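Have a look at the structure below, then the notes.
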Amino acid sequence: MGGGYDARSFKLIEHHMMKDNNPPPLLQRQQRARYGGLFRRKMLTNPLNINLPPSNQYHLECYELDLPEVVRTKRNLIESRLYHKRPWLKSSYVKEPTLVEVDLNNLNQTRTQLESIINNKQDGIPTVNIILFEGVMIYLNKGVPHTLLEICSDVLRKHSKLENYLCFADRLDNIPGGDEGLARLEMEGSGWELEDWLSKPGLARHMGVASLRR
């Protein structure tokens with residue numbers, strides 16, 4: 001949720017493509033330039049310890065939720081800039097991210113969109129869901145970030161039977177500083193189990209990974 005037009009979902013698609021037996025040469029060169037000789041190891045790091053099969057044995061889909069005006073701008077920039085800079089994305093066998101128009105301050109609308117996405121994917125095919133918040137909660141109304149986490153956990157608990165995760169680099173409610181104990185309480189109070197935690201200076205000061213509490 002949130003992020004610029006060159007968002008995490010596109011980077012995730014590139015990670016997925018790098019796991020293929022024959023990744024696009026242009027993408028390989030870009031990753032070597034970015035990460036040096038260790039680029040393949042870095043690209044294949046799995047911070048959630050999910051036992052993923054080779055990329056040709058599972059299907060990847062990404063959804064980005066953002067304000068309507070931001071979504072329109074993203075669509076224009078993806079076509080006019082991103083595909084020119086990274087043409088392998090245009091020809092990728094992986095579906096490009098689905099951009100969903102929603103105001104996250106509108107909690108009822110957000111729940112409806114999440115339910116639509118999750119229900120659409122629960123078609124008998126084993127599915128792992130990962131929800132990412134990156135620098136978006138800092139712009140939301142007071143109290144909304146906590147309720148959003150509750151909505152996400154509730155929708156997943158009702159409609160998804162497999163593994164579900166939350167990743168965030170944002171500012172959570174009820175944690176004035178970087179206290180891990182308060183972070184665990186905030187996660188538990190919104191339906192999540194904190195797995196990893198790191199605080200840093202800045203607005204989006206809270207970083208971590210959580211799994212859904214059953």
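All residue names refer to the structure tokens as shown: chains lettered A, B, ... in order, residues numbered from 1 in each chain, ligands numbered from 1 in order.
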Would you kindly return, as a ChimeraX atom specification, each protein, DNA or RNA residue with an atom no farther than 7 Å from any atom of A:Gly191, considering only C-alpha atoms and excluding same-chain residues fewer than 6 positions away? /A:150,153,212-213
Just the selected residues (C-alpha atoms), exported as a compact mmCIF listing (two decimals), in the first residue's frame, please.
# COMPACT_ATOMS: atom_id res chain seq x y z
CA GLU A 150 -7.13 -4.88 12.50
CA SER A 153 -5.87 -9.37 9.99
CA LEU A 212 -1.20 -13.51 11.36
CA ARG A 213 -2.43 -14.65 14.78
If we count only C-alpha atoms, what is near A:Glu96 at a cut-off of 10 Å, once residues fewer than 4 positions away on the same chain are taken out, given as a PyMOL selection string? chain A and resi 9-10+13+60-63+89-90+92
Tell me, in Å to one decimal, how far atom CA of A:Pro145 is from atom CA of A:Arg171.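 According to the coordinates, atom CA of A:Pro145 and atom CA of A:Arg171 are separated by 8.4 Å.
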A:Val100: which residues within 7 Å, counting only C-alpha atoms, same-chain residues fewer than 3 positions away excluded, as a PyMOL selection string? chain A and resi 63-66
Dump as a PDB file, in the first residue's frame, selection limited to N, CA and C atoms:
ATOM      1  N   TYR A  63      -0.795  -6.247  -5.843  1.00  0.00           N
ATOM      2  CA  TYR A  63      -1.846  -5.233  -5.834  1.00  0.00           C
ATOM      3  C   TYR A  63      -1.343  -4.030  -5.048  1.00  0.00           C
ATOM      4  N   GLU A  64      -1.559  -2.826  -5.587  1.00  0.00           N
ATOM      5  CA  GLU A  64      -1.177  -1.602  -4.903  1.00  0.00           C
ATOM      6  C   GLU A  64      -2.423  -0.762  -4.660  1.00  0.00           C
ATOM      7  N   LEU A  65      -2.635  -0.394  -3.397  1.00  0.00           N
ATOM      8  CA  LEU A  65      -3.776   0.428  -3.014  1.00  0.00           C
ATOM      9  C   LEU A  65      -3.294   1.845  -2.750  1.00  0.00           C
ATOM     10  N   ASP A  66      -3.935   2.816  -3.417  1.00  0.00           N
ATOM     11  CA  ASP A  66      -3.515   4.207  -3.248  1.00  0.00           C
ATOM     12  C   ASP A  66      -4.663   5.130  -3.628  1.00  0.00           C
TER      13      ASP A  66
END
Can you list, as a ChimeraX atom specification, every protein, DNA or RNA residue that comes within 10 Å of A:Asp170 when you count only C-alpha atoms, leaving out same-chain residues fewer than 6 positions away? /A:132-138,145,199,202-208
Take the residues just selected and output them with C-alpha atoms as a PDB file, in the first residue's frame.
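Result file part36.pdb:
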ATOM      1  CA  LEU A 132       3.232  -4.338   2.844  1.00  0.00           C
ATOM      2  CA  PHE A 133       2.959  -0.862   4.335  1.00  0.00           C
ATOM      3  CA  GLU A 134       5.767   1.504   3.351  1.00  0.00           C
ATOM      4  CA  GLY A 135       5.642   5.178   4.278  1.00  0.00           C
ATOM      5  CA  VAL A 136       1.862   5.463   4.032  1.00  0.00           C
ATOM      6  CA  MET A 137       0.610   5.410   7.648  1.00  0.00           C
ATOM      7  CA  ILE A 138       2.412   8.678   8.376  1.00  0.00           C
ATOM      8  CA  PRO A 145      -3.176   2.860  11.186  1.00  0.00           C
ATOM      9  CA  SER A 199      13.443   1.082  14.758  1.00  0.00           C
ATOM     10  CA  GLY A 202      12.854   9.559  10.757  1.00  0.00           C
ATOM     11  CA  LEU A 203       9.110   9.638  10.144  1.00  0.00           C
ATOM     12  CA  ALA A 204       8.716   6.031   8.985  1.00  0.00           C
ATOM     13  CA  ARG A 205      10.658   4.851  12.031  1.00  0.00           C
ATOM     14  CA  HIS A 206       9.126   1.418  12.594  1.00  0.00           C
ATOM     15  CA  MET A 207      10.265  -1.555  10.532  1.00  0.00           C
ATOM     16  CA  GLY A 208       9.316  -5.160  11.018  1.00  0.00           C
TER      17      GLY A 208
END
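If you look at atom CA of A:Cys152 and atom CA of A:Leu185, they are 16.7 Å away from each other.
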Kindly assemble as CSV a list of the stretch 127-166 of chain A residues that lie within 8 Å of stretch 113-120 of chain A, each paired with its nearest atom pair and their distance in Å to one decimal, using only C-alpha atoms, sorted first by chain and then by ascending residue number.
residue,atom,partner,partner_atom,distance
A:Cys152,CA,A:Leu114,CA,7.5
A:Val155,CA,A:Glu115,CA,6.2
A:Leu156,CA,A:Ile118,CA,7.4
A:His159,CA,A:Asn119,CA,6.4
A:Ser160,CA,A:Ile118,CA,7.2
Can you list, as a list in words, every protein, DNA or RNA residue that comes within 7 Å of stretch 163-166 of chain A when you count only C-alpha atoms, leaving out same-chain residues fewer than 3 positions away? Val128, Asn129, Ile130, Ile131, Leu132, Val209, Ala210, Ser211 and Leu212 of chain A
Would you mind exporting N, CA, C and O atoms of the selected residues as a short mmCIF file (atom, residue, chain, number, x, y, z; two decimals), in the first residue's frame?
data_model
loop_
_atom_site.label_atom_id
_atom_site.label_comp_id
_atom_site.auth_asym_id
_atom_site.auth_seq_id
_atom_site.Cartn_x
_atom_site.Cartn_y
_atom_site.Cartn_z
N VAL A 128 -0.14 -17.70 -0.49
CA VAL A 128 0.49 -16.99 0.61
C VAL A 128 0.28 -15.49 0.36
O VAL A 128 0.60 -14.98 -0.70
N ASN A 129 -0.28 -14.80 1.35
CA ASN A 129 -0.55 -13.37 1.23
C ASN A 129 0.47 -12.58 2.06
O ASN A 129 0.74 -12.90 3.21
N ILE A 130 1.03 -11.53 1.46
CA ILE A 130 1.96 -10.64 2.14
C ILE A 130 1.44 -9.22 1.96
O ILE A 130 1.32 -8.74 0.84
N ILE A 131 1.14 -8.55 3.07
CA ILE A 131 0.69 -7.16 3.03
C ILE A 131 1.85 -6.27 3.43
O ILE A 131 2.52 -6.50 4.44
N LEU A 132 2.10 -5.24 2.62
CA LEU A 132 3.23 -4.34 2.84
C LEU A 132 2.73 -2.91 3.03
O LEU A 132 1.96 -2.40 2.22
N VAL A 209 8.41 -7.33 10.65
CA VAL A 209 7.65 -8.40 9.99
C VAL A 209 6.77 -9.04 11.05
O VAL A 209 7.19 -9.24 12.20
N ALA A 210 5.54 -9.34 10.68
CA ALA A 210 4.61 -10.00 11.59
C ALA A 210 3.86 -11.09 10.83
O ALA A 210 3.72 -11.03 9.60
N SER A 211 3.38 -12.07 11.57
CA SER A 211 2.55 -13.13 11.00
C SER A 211 1.16 -13.04 11.61
O SER A 211 0.97 -12.53 12.71
N LEU A 212 0.18 -13.59 10.91
CA LEU A 212 -1.20 -13.51 11.36
C LEU A 212 -1.41 -14.42 12.57
O LEU A 212 -1.01 -15.57 12.58
#
Point-to-point distance from atom CA of A:Ile78 to atom CA of A:Glu101, Å rounded to tenths: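 Result for atom CA of A:Ile78 versus atom CA of A:Glu101: 15.8 Å, one decimal.
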Skipping near chain neighbours, those fewer than 4 positions away, what residues fall within 10 Å of A:Gly143 using only C-alpha atoms, listed as a short mmCIF file (atom, residue, chain, number, x, y, z; two decimals) with N, CA, C and O atoms, in the first residue's frame?
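So the final result, stored in selection_38.cif, reads:
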data_model
loop_
_atom_site.label_atom_id
_atom_site.label_comp_id
_atom_site.auth_asym_id
_atom_site.auth_seq_id
_atom_site.Cartn_x
_atom_site.Cartn_y
_atom_site.Cartn_z
N ASN A 105 -8.04 6.18 4.47
CA ASN A 105 -8.76 6.76 5.60
C ASN A 105 -10.23 6.34 5.60
O ASN A 105 -10.90 6.44 6.63
N MET A 137 1.35 5.14 6.41
CA MET A 137 0.61 5.41 7.65
C MET A 137 0.89 6.81 8.20
O MET A 137 0.06 7.38 8.90
N THR A 147 -6.45 0.65 13.19
CA THR A 147 -7.66 0.03 12.66
C THR A 147 -7.38 -0.68 11.34
O THR A 147 -7.95 -1.74 11.06
N LEU A 148 -6.49 -0.11 10.53
CA LEU A 148 -6.12 -0.77 9.26
C LEU A 148 -5.49 -2.13 9.52
O LEU A 148 -5.78 -3.10 8.81
N LEU A 172 3.78 3.25 13.16
CA LEU A 172 2.61 2.61 13.72
C LEU A 172 2.01 3.45 14.85
O LEU A 172 2.69 4.27 15.45
N ASP A 173 0.74 3.22 15.13
CA ASP A 173 0.09 3.86 16.27
C ASP A 173 0.60 3.28 17.59
O ASP A 173 1.06 2.14 17.64
N ASN A 174 0.50 4.09 18.64
CA ASN A 174 0.72 3.64 20.02
C ASN A 174 2.15 3.23 20.32
O ASN A 174 2.41 2.49 21.29
#
